[in-house]
>>> print(open('final34.txt').read())   # compact mmCIF, C-alpha atoms
# COMPACT_ATOMS: atom_id res chain seq x y z
CA ALA A 1 106.39 155.11 173.78
CA ASP A 2 109.82 153.57 172.99
CA LEU A 3 108.31 150.09 173.02
CA GLU A 4 109.86 148.94 169.71
CA PRO A 5 106.61 147.64 168.20
CA ILE A 6 106.68 145.07 165.43
CA VAL A 7 103.86 145.18 162.87
CA LEU A 8 103.07 141.90 161.11
CA GLU A 9 101.65 143.01 157.77
CA GLY A 10 99.87 139.77 156.89
CA PRO A 11 99.14 138.45 153.40
CA GLU A 12 97.34 141.65 152.30
CA PRO A 13 99.21 144.68 153.70
CA GLY A 14 96.77 147.54 154.07
CA GLY A 15 93.67 145.36 154.19
CA GLN A 16 90.36 146.58 152.83
CA LEU A 17 91.61 150.11 152.18
CA THR A 18 93.68 148.74 149.31
CA LEU A 19 90.39 147.87 147.58
CA THR A 20 89.18 151.48 147.74
CA THR A 21 90.30 153.96 145.12
CA GLU A 22 89.26 157.09 147.04
CA VAL A 23 88.70 157.73 150.76
CA GLU A 24 86.73 160.92 151.34
CA ASN A 25 85.75 160.66 155.01
CA TYR A 26 89.17 160.43 156.69
CA LEU A 27 90.04 163.38 158.92
CA GLY A 28 92.60 165.76 157.45
CA PHE A 29 92.05 165.03 153.76
CA PRO A 30 89.36 167.49 152.58
CA GLU A 31 89.94 166.58 148.93
CA GLY A 32 89.99 162.84 149.66
CA VAL A 33 92.94 160.46 149.50
CA GLY A 34 93.60 157.19 147.71
CA GLY A 35 93.32 154.08 149.85
CA MET A 36 96.84 152.89 148.95
CA GLU A 37 98.28 156.37 149.58
CA LEU A 38 96.63 156.56 153.01
CA ILE A 39 98.07 153.17 153.93
CA GLN A 40 101.57 154.10 152.72
CA ARG A 41 101.58 157.44 154.53
CA GLY A 42 100.41 155.78 157.72
CA LYS A 43 103.15 153.19 157.42
CA GLU A 44 105.83 155.85 156.92
CA GLN A 45 104.54 157.77 159.92
CA ALA A 46 104.70 154.66 162.13
CA GLN A 47 108.21 153.86 160.89
CA ARG A 48 109.32 157.40 161.73
CA PHE A 49 108.54 156.65 165.38
CA GLY A 50 110.29 153.29 165.46
CA ALA A 51 107.76 150.71 164.29
CA GLU A 52 109.29 147.76 162.43
CA PHE A 53 107.20 146.18 159.67
CA VAL A 54 107.61 142.46 159.04
CA HIS A 55 105.96 140.41 156.30
CA GLY A 56 104.21 137.46 157.87
CA ALA A 57 100.92 136.08 159.14
CA VAL A 58 100.18 134.40 162.46
CA GLU A 59 99.16 130.76 162.06
CA ARG A 60 98.83 130.00 165.77
CA ALA A 61 99.01 132.06 168.96
CA ALA A 62 100.11 130.59 172.31
CA LEU A 63 98.73 133.01 174.87
CA GLU A 64 98.74 130.88 178.02
CA GLU A 65 101.85 132.52 179.43
CA ARG A 66 104.13 135.44 178.73
CA PRO A 67 105.97 136.12 176.62
CA PHE A 68 103.29 135.18 174.10
CA ALA A 69 104.50 132.96 171.27
CA LEU A 70 103.23 133.63 167.76
CA GLU A 71 103.87 130.95 165.17
CA LEU A 72 104.18 132.56 161.74
CA SER A 73 103.28 131.16 158.33
CA ASN A 74 106.96 131.10 157.32
CA GLY A 75 107.82 128.79 160.23
CA ASP A 76 109.33 131.41 162.51
CA THR A 77 108.15 132.02 166.07
CA LEU A 78 107.86 135.54 167.43
CA GLU A 79 107.72 136.29 171.15
CA THR A 80 106.05 139.39 172.55
CA GLN A 81 105.06 140.82 175.91
CA ALA A 82 101.85 142.37 174.58
CA LEU A 83 99.72 141.78 171.49
CA ILE A 84 97.39 144.11 169.62
CA VAL A 85 95.11 142.20 167.24
CA ALA A 86 94.23 144.50 164.33
CA THR A 87 93.80 141.89 161.61
CA GLY A 88 90.57 143.38 160.27
CA ALA A 89 87.83 141.56 158.42
CA SER A 90 87.56 140.35 154.86
CA ALA A 91 84.47 141.13 152.82
CA ARG A 92 82.80 138.12 151.27
CA TRP A 93 82.85 138.12 147.48
CA VAL A 94 80.38 136.26 145.28
CA GLY A 95 82.65 134.89 142.56
CA ALA A 96 81.27 136.91 139.65
CA GLU A 97 83.38 137.18 136.52
CA ASN A 98 85.60 140.31 136.46
CA GLU A 99 85.14 141.10 140.16
CA ASP A 100 88.91 140.96 140.74
CA GLU A 101 89.54 143.56 138.04
CA LEU A 102 86.70 145.91 138.95
CA MET A 103 86.81 145.85 142.76
CA GLY A 104 87.27 149.50 143.69
CA TYR A 105 86.28 150.67 140.20
CA GLY A 106 82.52 150.74 140.58
CA LEU A 107 82.36 147.45 142.47
CA SER A 108 82.46 147.93 146.23
CA THR A 109 81.88 146.16 149.53
CA CYS A 110 81.11 149.36 151.45
CA ALA A 111 78.21 151.67 150.62
CA THR A 112 79.10 154.18 153.32
CA CYS A 113 82.58 154.43 151.80
CA ASP A 114 81.66 154.68 148.13
CA GLY A 115 77.95 155.42 147.89
CA ALA A 116 78.37 159.15 147.26
CA PHE A 117 80.28 158.37 144.05
CA HIS A 118 77.06 156.99 142.56
CA ARG A 119 74.74 159.97 142.65
CA GLY A 120 72.15 159.50 139.93
CA ASP A 121 73.32 155.99 139.02
CA ASP A 122 71.34 152.78 138.84
CA VAL A 123 73.07 150.35 141.21
CA LEU A 124 72.80 146.73 142.30
CA VAL A 125 73.13 145.39 145.83
CA ILE A 126 73.97 141.70 146.10
CA GLY A 127 72.66 139.88 149.17
CA GLY A 128 69.61 139.24 151.32
CA GLY A 129 70.65 139.82 154.91
CA ASP A 130 70.82 142.86 157.17
CA SER A 131 74.10 143.96 155.57
CA ALA A 132 72.48 144.09 152.14
CA MET A 133 69.45 146.00 153.45
CA GLU A 134 71.70 148.53 155.18
CA GLU A 135 73.68 148.98 151.96
CA ALA A 136 70.51 149.42 149.90
CA LEU A 137 68.95 151.94 152.27
CA PHE A 138 72.13 154.00 152.39
CA LEU A 139 72.58 153.94 148.63
CA ALA A 140 68.99 155.07 148.10
CA LYS A 141 70.10 158.49 149.38
CA PHE A 142 72.34 158.93 146.34
CA ALA A 143 71.44 156.50 143.55
CA ASP A 144 68.63 156.96 141.07
CA SER A 145 67.53 153.38 141.68
CA VAL A 146 68.69 150.48 143.83
CA THR A 147 67.99 146.87 142.92
CA VAL A 148 68.60 144.16 145.50
CA VAL A 149 69.64 140.90 143.85
CA HIS A 150 68.98 137.84 145.99
CA ARG A 151 69.40 134.19 145.10
CA ARG A 152 66.29 133.08 146.99
CA ASP A 153 62.69 134.29 147.14
CA GLU A 154 62.80 135.47 150.74
CA LEU A 155 65.22 137.61 152.72
CA ARG A 156 67.45 136.51 155.58
CA ALA A 157 67.34 140.04 157.00
CA SER A 158 65.58 140.89 160.23
CA ASP A 159 61.90 141.84 159.89
CA ILE A 160 62.48 145.52 160.58
CA MET A 161 65.35 145.87 158.10
CA ALA A 162 63.46 143.92 155.43
CA ARG A 163 60.38 146.07 155.92
CA ARG A 164 62.34 149.31 155.65
CA ALA A 165 63.89 148.19 152.37
CA ARG A 166 60.63 146.83 150.94
CA ASP A 167 58.76 150.04 151.80
CA HIS A 168 61.34 152.32 150.16
CA ASP A 169 60.19 153.72 146.83
CA GLN A 170 63.65 153.60 145.22
CA ILE A 171 64.49 150.02 146.18
CA GLU A 172 63.41 147.09 144.01
CA PHE A 173 64.05 143.37 144.39
CA ARG A 174 65.12 140.68 141.95
CA TRP A 175 64.26 137.34 143.51
CA ASN A 176 65.87 133.97 142.71
CA THR A 177 68.59 135.86 140.87
CA GLU A 178 72.38 135.99 141.08
CA LEU A 179 75.20 138.06 139.63
CA LEU A 180 77.13 136.11 137.01
CA GLU A 181 79.35 138.70 135.32
CA ILE A 182 80.31 142.35 135.78
CA HIS A 183 80.80 144.55 132.70
CA GLY A 184 83.17 147.51 132.46
CA SER A 185 86.83 148.42 132.81
CA ARG A 186 89.09 150.25 135.20
CA ASP A 187 89.00 153.26 132.87
CA ASP A 188 85.21 153.35 132.51
CA GLY A 189 84.19 151.73 135.80
CA VAL A 190 81.24 149.37 136.07
CA THR A 191 78.88 149.74 133.12
CA GLY A 192 76.58 146.75 133.51
CA ALA A 193 76.09 143.19 134.65
CA THR A 194 74.81 139.81 133.58
CA LEU A 195 72.23 138.30 135.91
CA VAL A 196 70.96 134.73 135.94
CA SER A 197 67.66 133.61 137.43
CA HIS A 198 65.69 130.42 138.06
CA PRO A 199 62.20 130.02 139.58
CA ASP A 200 63.53 127.64 142.24
CA GLY A 201 66.34 129.96 143.35
CA ARG A 202 70.14 129.55 143.52
CA PRO A 203 70.46 129.83 139.73
CA LYS A 204 74.27 129.54 139.62
CA GLU A 205 74.01 126.08 141.17
CA LYS A 206 71.44 125.17 138.55
CA LEU A 207 73.73 126.54 135.81
CA ASP A 208 76.67 124.52 137.08
CA SER A 209 74.56 121.36 137.06
CA GLY A 210 73.52 121.91 133.43
CA GLU A 211 70.00 123.19 133.98
CA ASP A 212 68.59 126.03 131.91
CA VAL A 213 68.58 129.44 133.58
CA GLU A 214 67.49 132.83 132.30
CA HIS A 215 70.26 135.31 131.43
CA GLU A 216 69.73 139.06 131.43
CA ASP A 217 72.11 141.96 130.80
CA VAL A 218 71.40 145.15 132.75
CA ASP A 219 72.96 148.61 132.60
CA VAL A 220 74.19 149.79 135.99
CA GLY A 221 76.79 152.27 137.21
CA GLY A 222 77.71 150.50 140.43
CA ILE A 223 77.52 147.15 142.21
CA PHE A 224 77.75 146.64 145.96
CA TYR A 225 78.35 143.35 147.71
CA GLY A 226 76.29 143.07 150.88
CA VAL A 227 76.97 139.46 151.79
CA GLY A 228 78.81 140.19 155.01
CA HIS A 229 82.35 140.15 156.32
CA VAL A 230 84.53 137.48 157.89
CA PRO A 231 86.78 138.66 160.76
CA ASN A 232 90.36 137.44 160.44
CA THR A 233 90.54 135.61 163.77
CA THR A 234 91.16 131.99 162.83
CA PHE A 235 94.49 132.01 164.69
CA LEU A 236 92.66 132.90 167.93
CA GLU A 237 90.09 130.10 167.88
CA ASP A 238 92.05 127.82 170.23
CA THR A 239 92.96 130.59 172.68
CA ALA A 240 91.17 132.13 175.67
CA VAL A 241 90.37 135.28 173.71
CA ASP A 242 86.59 135.56 173.45
CA LEU A 243 85.08 135.52 169.94
CA ASP A 244 81.40 135.96 169.13
CA ASP A 245 79.36 133.61 166.95
CA GLU A 246 80.58 135.38 163.80
CA GLY A 247 84.22 135.22 164.90
CA TYR A 248 84.61 138.88 165.89
CA LEU A 249 87.02 139.51 168.74
CA GLN A 250 85.24 140.53 171.96
CA THR A 251 86.68 143.30 174.12
CA LEU A 252 85.81 143.82 177.77
CA GLU A 253 82.80 145.91 178.70
CA GLY A 254 83.41 149.64 178.85
CA MET A 255 85.66 152.05 176.98
CA THR A 256 88.59 149.69 176.49
CA THR A 257 90.33 147.53 173.92
CA GLU A 258 91.28 144.90 176.52
CA THR A 259 90.26 141.29 175.93
CA ALA A 260 89.70 138.30 178.20
CA VAL A 261 93.45 137.59 178.03
CA ASP A 262 95.68 140.01 179.93
CA GLY A 263 98.08 141.69 177.52
CA VAL A 264 95.98 141.08 174.41
CA PHE A 265 94.08 143.99 172.88
CA GLY A 266 91.79 144.40 169.88
CA ALA A 267 91.46 147.24 167.39
CA GLY A 268 89.69 147.98 164.12
CA ASP A 269 87.29 145.87 162.09
CA VAL A 270 88.35 142.64 163.78
CA MET A 271 86.36 143.77 166.83
CA ASP A 272 83.89 146.11 165.09
CA PRO A 273 81.10 144.59 162.98
CA ASP A 274 79.09 147.83 162.97
CA TYR A 275 81.05 150.94 161.89
CA ARG A 276 83.83 149.49 159.70
CA GLN A 277 85.41 152.82 158.78
CA ALA A 278 89.08 153.69 158.39
CA VAL A 279 88.79 156.56 160.85
CA THR A 280 87.13 154.43 163.55
CA ALA A 281 89.70 151.67 163.03
CA ALA A 282 92.49 154.23 163.47
CA GLY A 283 90.78 155.55 166.59
CA THR A 284 90.57 152.15 168.24
CA GLY A 285 94.15 151.54 167.15
CA SER A 286 95.23 154.55 169.17
CA MET A 287 93.17 153.31 172.11
CA ALA A 288 94.79 149.87 171.90
CA ALA A 289 98.29 151.39 171.81
CA LEU A 290 97.57 153.45 174.93
CA ASP A 291 95.95 150.48 176.68
CA ALA A 292 98.93 148.27 175.86
CA GLU A 293 101.42 150.90 177.03
CA SER A 294 99.56 151.37 180.32
CA TRP A 295 99.31 147.61 180.85
CA LEU A 296 103.03 147.08 180.23
CA GLU A 297 103.87 149.85 182.68
CA GLU A 298 101.71 148.14 185.31
CA GLN A 299 103.51 144.85 184.66
CA ALA A 300 106.88 146.56 185.08
CA VAL A 301 105.82 148.12 188.41
CA GLU A 302 104.53 144.76 189.67
CA SER A 303 107.76 143.07 188.61
CA GLU A 304 109.88 145.68 190.40
CA ALA A 305 107.74 145.30 193.52
CA ALA A 306 108.20 141.52 193.45
CA VAL A 307 111.96 141.92 193.12
CA ALA A 308 111.96 144.35 196.07
CA VAL A 309 110.03 141.87 198.22
CA GLU A 310 112.49 139.10 197.36
CA ALA A 311 115.38 141.37 198.28
CA ASP A 312 113.76 142.15 201.66
CA ASP A 313 113.30 138.46 202.31
>>> encode(input="final34.txt", output="structure tokens")
Amino acid sequence: ADLEPIVLEGPEPGGQLTLTTEVENYLGFPEGVGGMELIQRGKEQAQRFGAEFVHGAVERAALEERPFALELSNGDTLETQALIVATGASARWVGAENEDELMGYGLSTCATCDGAFHRGDDVLVIGGGDSAMEEALFLAKFADSVTVVHRRDELRASDIMARRARDHDQIEFRWNTELLEIHGSRDDGVTGATLVSHPDGRPKEKLDSGEDVEHEDVDVGGIFYGVGHVPNTTFLEDTAVDLDDEGYLQTLEGMTTETAVDGVFGAGDVMDPDYRQAVTAAGTGSMAALDAESWLEEQAVESEAAVAVEADD
């Protein structure tokens, strides 16, 4: 729309897609596409139409008046007439040994993204809330067995989600147990894991304090973290943009990406705790671009009208 958009890439350009080796449910790629390749191709497409990419993260946003002022982590301040927040969400990790090396190679934070790769495998799901139950139930469609590993002896999940998982024949539970180490390599993928357990729960805390815990090595072909996501909205906490209790950006009611602050729009996982797919993020990104363009046009018309009134006076 000839608006000269600037894209602040943040500390992790590409976000969660960079942790995925293969994306098989993105429109237009029937054979699948690598997460990094999809990001790079999208970037090149945006640049072709005039988008400028800048390395930087927003530390603080002053949204009380326009132009908005964005204070960046490098000390610079960027001014803008409109702002699309598409900062995504970061999956919580559990701190197991080798998780950095094996994320995307059999270790995943998204069952709907990677579950189909584990047909016939034995897999672990780490967590005890609704996210973990959703992951386990989805994986049960593909995996030979699903074991939910939870550090306590009761779930945090809602009653209905807990009941669905408990009643499923292919889902088992390991109580008072945590993931300590992941076995495997990038060539072979995940091949197993070391679990620790303690009758009183939270065994890694017990291990750190010097207490005896039980160690067990298990053979698995995949591990899924289901301990939730954290939306990247810290820089909006002191603004008038509405955030929910989990920190997700709230858009106005209806089919819109508008927020409580005129000229600020939300797109992708930062405002979507439910679907969390690349294709839905791209869809809301398109919506936000159109909403921002329409809003800026309205501002220009209002400004021209105000100038005309002053001239008449």
>>> residues_near_point(input="final34.txt", point="(81.5, 146.6, 140.4)", cutoff="6 Å", atoms="only C-alpha atoms", output="PyMOL selection string")
chain A and resi 102-103+106-107+190+222-223
>>> residues_around(input="final34.txt", residues="segment 125-141 of chain A", least_positions_apart="2", cutoff="6 Å", atoms="all atoms listed in the file", output="list in words")
Ala111, Gly115, Ala143, Val148, Val149, His150, Leu155, Arg156, Ala157, Ile223, Phe224, Tyr225, Gly226 and Val227 of chain A
>>> atom_distance(input="final34.txt", atom1="atom CA of Gly184 of chain A", atom2="atom CA of Glu37 of chain A")
24.5 Å
>>> closest_residue(input="final34.txt", among="A:Gly50, A:Val230, A:Leu180, A:Leu236", to="Pro203 of chain A", atoms="all atoms listed in the file")
A:Leu180
>>> residues_around(input="final34.txt", residues="Ala1 of chain A", least_positions_apart="6", cutoff="12 Å", atoms="only C-alpha atoms", output="number ranges by chain")
A: 46, 49-51, 289-294, 296-297
>>> residues_around(input="final34.txt", residues="Arg152 of chain A", least_positions_apart="5", cutoff="8 Å", atoms="all atoms listed in the file", output="list in words")
Trp175, Asn176, Thr177, Asp200, Gly201 and Arg202 of chain A
>>> closest_residue(input="final34.txt", among="A:Ser73, A:Lys206, A:Pro11, A:Glu24", to="Thr87 of chain A", atoms="all atoms listed in the file")
A:Pro11
>>> closest_residue(input="final34.txt", among="A:Asp169, A:Asp2, A:Asp121, A:Glu178", to="Val213 of chain A", atoms="all atoms listed in the file")
A:Glu178
>>> closest_residue(input="final34.txt", among="A:Val270, A:Ala193, A:Met255, A:Val220", to="Leu243 of chain A", atoms="only C-alpha atoms")
A:Val270
>>> axis_aligned_box(input="final34.txt", around="segment 150-164 of chain A", padding_each_side="3 Å", output="AutoDock Vina command-line options")
--center_x 64.9 --center_y 141.2 --center_z 152.8 --size_x 15.0 --size_y 22.2 --size_z 21.5
>>> residues_around(input="final34.txt", residues="Glu101 of chain A", least_positions_apart="5", cutoff="12 Å", atoms="all atoms listed in the file", output="ChimeraX atom specification")
/A:19,95-96,106-108,181-187,189-190
>>> atom_distance(input="final34.txt", atom1="atom CA of Glu64 of chain A", atom2="atom CA of Gly263 of chain A")
10.8 Å
>>> atom_distance(input="final34.txt", atom1="atom CA of Glu4 of chain A", atom2="atom CA of Lys43 of chain A")
14.6 Å
>>> closest_residue(input="final34.txt", among="A:Ile6, A:Met161, A:Leu17, A:Leu195", to="Leu124 of chain A", atoms="only C-alpha atoms")
A:Leu195
>>> closest_residue(input="final34.txt", among="A:Phe117, A:Phe173, A:Phe265, A:Trp295", to="Ile84 of chain A", atoms="only C-alpha atoms")
A:Phe265
>>> residues_around(input="final34.txt", residues="Asp212 of chain A", least_positions_apart="4", cutoff="10 Å", atoms="all atoms listed in the file", output="ChimeraX atom specification")
/A:196-198,203,206-208
>>> build_atoms(input="final34.txt", residues="segment 282-297 of chain A", atoms="N, CA, C and O atoms", output="PDB file, in the frame of the given file")
ATOM      1  N   ALA A 282      91.314 153.506 162.992  1.00  0.00           N
ATOM      2  CA  ALA A 282      92.490 154.230 163.470  1.00  0.00           C
ATOM      3  C   ALA A 282      92.287 154.698 164.906  1.00  0.00           C
ATOM      4  O   ALA A 282      93.220 154.662 165.725  1.00  0.00           O
ATOM      5  N   GLY A 283      91.057 155.112 165.232  1.00  0.00           N
ATOM      6  CA  GLY A 283      90.780 155.550 166.590  1.00  0.00           C
ATOM      7  C   GLY A 283      90.947 154.440 167.608  1.00  0.00           C
ATOM      8  O   GLY A 283      91.579 154.620 168.660  1.00  0.00           O
ATOM      9  N   THR A 284      90.401 153.266 167.315  1.00  0.00           N
ATOM     10  CA  THR A 284      90.570 152.150 168.240  1.00  0.00           C
ATOM     11  C   THR A 284      92.006 151.662 168.253  1.00  0.00           C
ATOM     12  O   THR A 284      92.475 151.119 169.261  1.00  0.00           O
ATOM     13  N   GLY A 285      92.725 151.866 167.154  1.00  0.00           N
ATOM     14  CA  GLY A 285      94.150 151.540 167.150  1.00  0.00           C
ATOM     15  C   GLY A 285      94.920 152.378 168.144  1.00  0.00           C
ATOM     16  O   GLY A 285      95.789 151.886 168.872  1.00  0.00           O
ATOM     17  N   SER A 286      94.600 153.662 168.191  1.00  0.00           N
ATOM     18  CA  SER A 286      95.230 154.550 169.170  1.00  0.00           C
ATOM     19  C   SER A 286      94.867 154.131 170.588  1.00  0.00           C
ATOM     20  O   SER A 286      95.715 154.107 171.482  1.00  0.00           O
ATOM     21  N   MET A 287      93.594 153.776 170.799  1.00  0.00           N
ATOM     22  CA  MET A 287      93.170 153.310 172.110  1.00  0.00           C
ATOM     23  C   MET A 287      93.940 152.058 172.521  1.00  0.00           C
ATOM     24  O   MET A 287      94.403 151.940 173.670  1.00  0.00           O
ATOM     25  N   ALA A 288      94.092 151.120 171.589  1.00  0.00           N
ATOM     26  CA  ALA A 288      94.790 149.870 171.900  1.00  0.00           C
ATOM     27  C   ALA A 288      96.252 150.131 172.245  1.00  0.00           C
ATOM     28  O   ALA A 288      96.810 149.503 173.158  1.00  0.00           O
ATOM     29  N   ALA A 289      96.893 151.055 171.525  1.00  0.00           N
ATOM     30  CA  ALA A 289      98.290 151.390 171.810  1.00  0.00           C
ATOM     31  C   ALA A 289      98.424 151.951 173.216  1.00  0.00           C
ATOM     32  O   ALA A 289      99.340 151.578 173.972  1.00  0.00           O
ATOM     33  N   LEU A 290      97.522 152.854 173.587  1.00  0.00           N
ATOM     34  CA  LEU A 290      97.570 153.450 174.930  1.00  0.00           C
ATOM     35  C   LEU A 290      97.257 152.409 176.002  1.00  0.00           C
ATOM     36  O   LEU A 290      97.880 152.394 177.070  1.00  0.00           O
ATOM     37  N   ASP A 291      96.275 151.543 175.721  1.00  0.00           N
ATOM     38  CA  ASP A 291      95.950 150.480 176.680  1.00  0.00           C
ATOM     39  C   ASP A 291      97.127 149.531 176.871  1.00  0.00           C
ATOM     40  O   ASP A 291      97.435 149.109 177.990  1.00  0.00           O
ATOM     41  N   ALA A 292      97.788 149.183 175.777  1.00  0.00           N
ATOM     42  CA  ALA A 292      98.930 148.270 175.860  1.00  0.00           C
ATOM     43  C   ALA A 292     100.085 148.926 176.622  1.00  0.00           C
ATOM     44  O   ALA A 292     100.739 148.279 177.453  1.00  0.00           O
ATOM     45  N   GLU A 293     100.335 150.190 176.329  1.00  0.00           N
ATOM     46  CA  GLU A 293     101.420 150.900 177.030  1.00  0.00           C
ATOM     47  C   GLU A 293     101.143 150.943 178.534  1.00  0.00           C
ATOM     48  O   GLU A 293     102.027 150.663 179.351  1.00  0.00           O
ATOM     49  N   SER A 294      99.913 151.294 178.909  1.00  0.00           N
ATOM     50  CA  SER A 294      99.560 151.370 180.320  1.00  0.00           C
ATOM     51  C   SER A 294      99.685 150.012 180.992  1.00  0.00           C
ATOM     52  O   SER A 294     100.203 149.895 182.112  1.00  0.00           O
ATOM     53  N   TRP A 295      99.242 148.953 180.280  1.00  0.00           N
ATOM     54  CA  TRP A 295      99.310 147.610 180.850  1.00  0.00           C
ATOM     55  C   TRP A 295     100.762 147.169 181.053  1.00  0.00           C
ATOM     56  O   TRP A 295     101.106 146.598 182.093  1.00  0.00           O
ATOM     57  N   LEU A 296     101.622 147.451 180.099  1.00  0.00           N
ATOM     58  CA  LEU A 296     103.030 147.080 180.230  1.00  0.00           C
ATOM     59  C   LEU A 296     103.697 147.837 181.369  1.00  0.00           C
ATOM     60  O   LEU A 296     104.548 147.274 182.081  1.00  0.00           O
ATOM     61  N   GLU A 297     103.317 149.092 181.550  1.00  0.00           N
ATOM     62  CA  GLU A 297     103.870 149.850 182.680  1.00  0.00           C
ATOM     63  C   GLU A 297     103.453 149.232 184.004  1.00  0.00           C
ATOM     64  O   GLU A 297     104.253 149.148 184.939  1.00  0.00           O
TER      65      GLU A 297
END
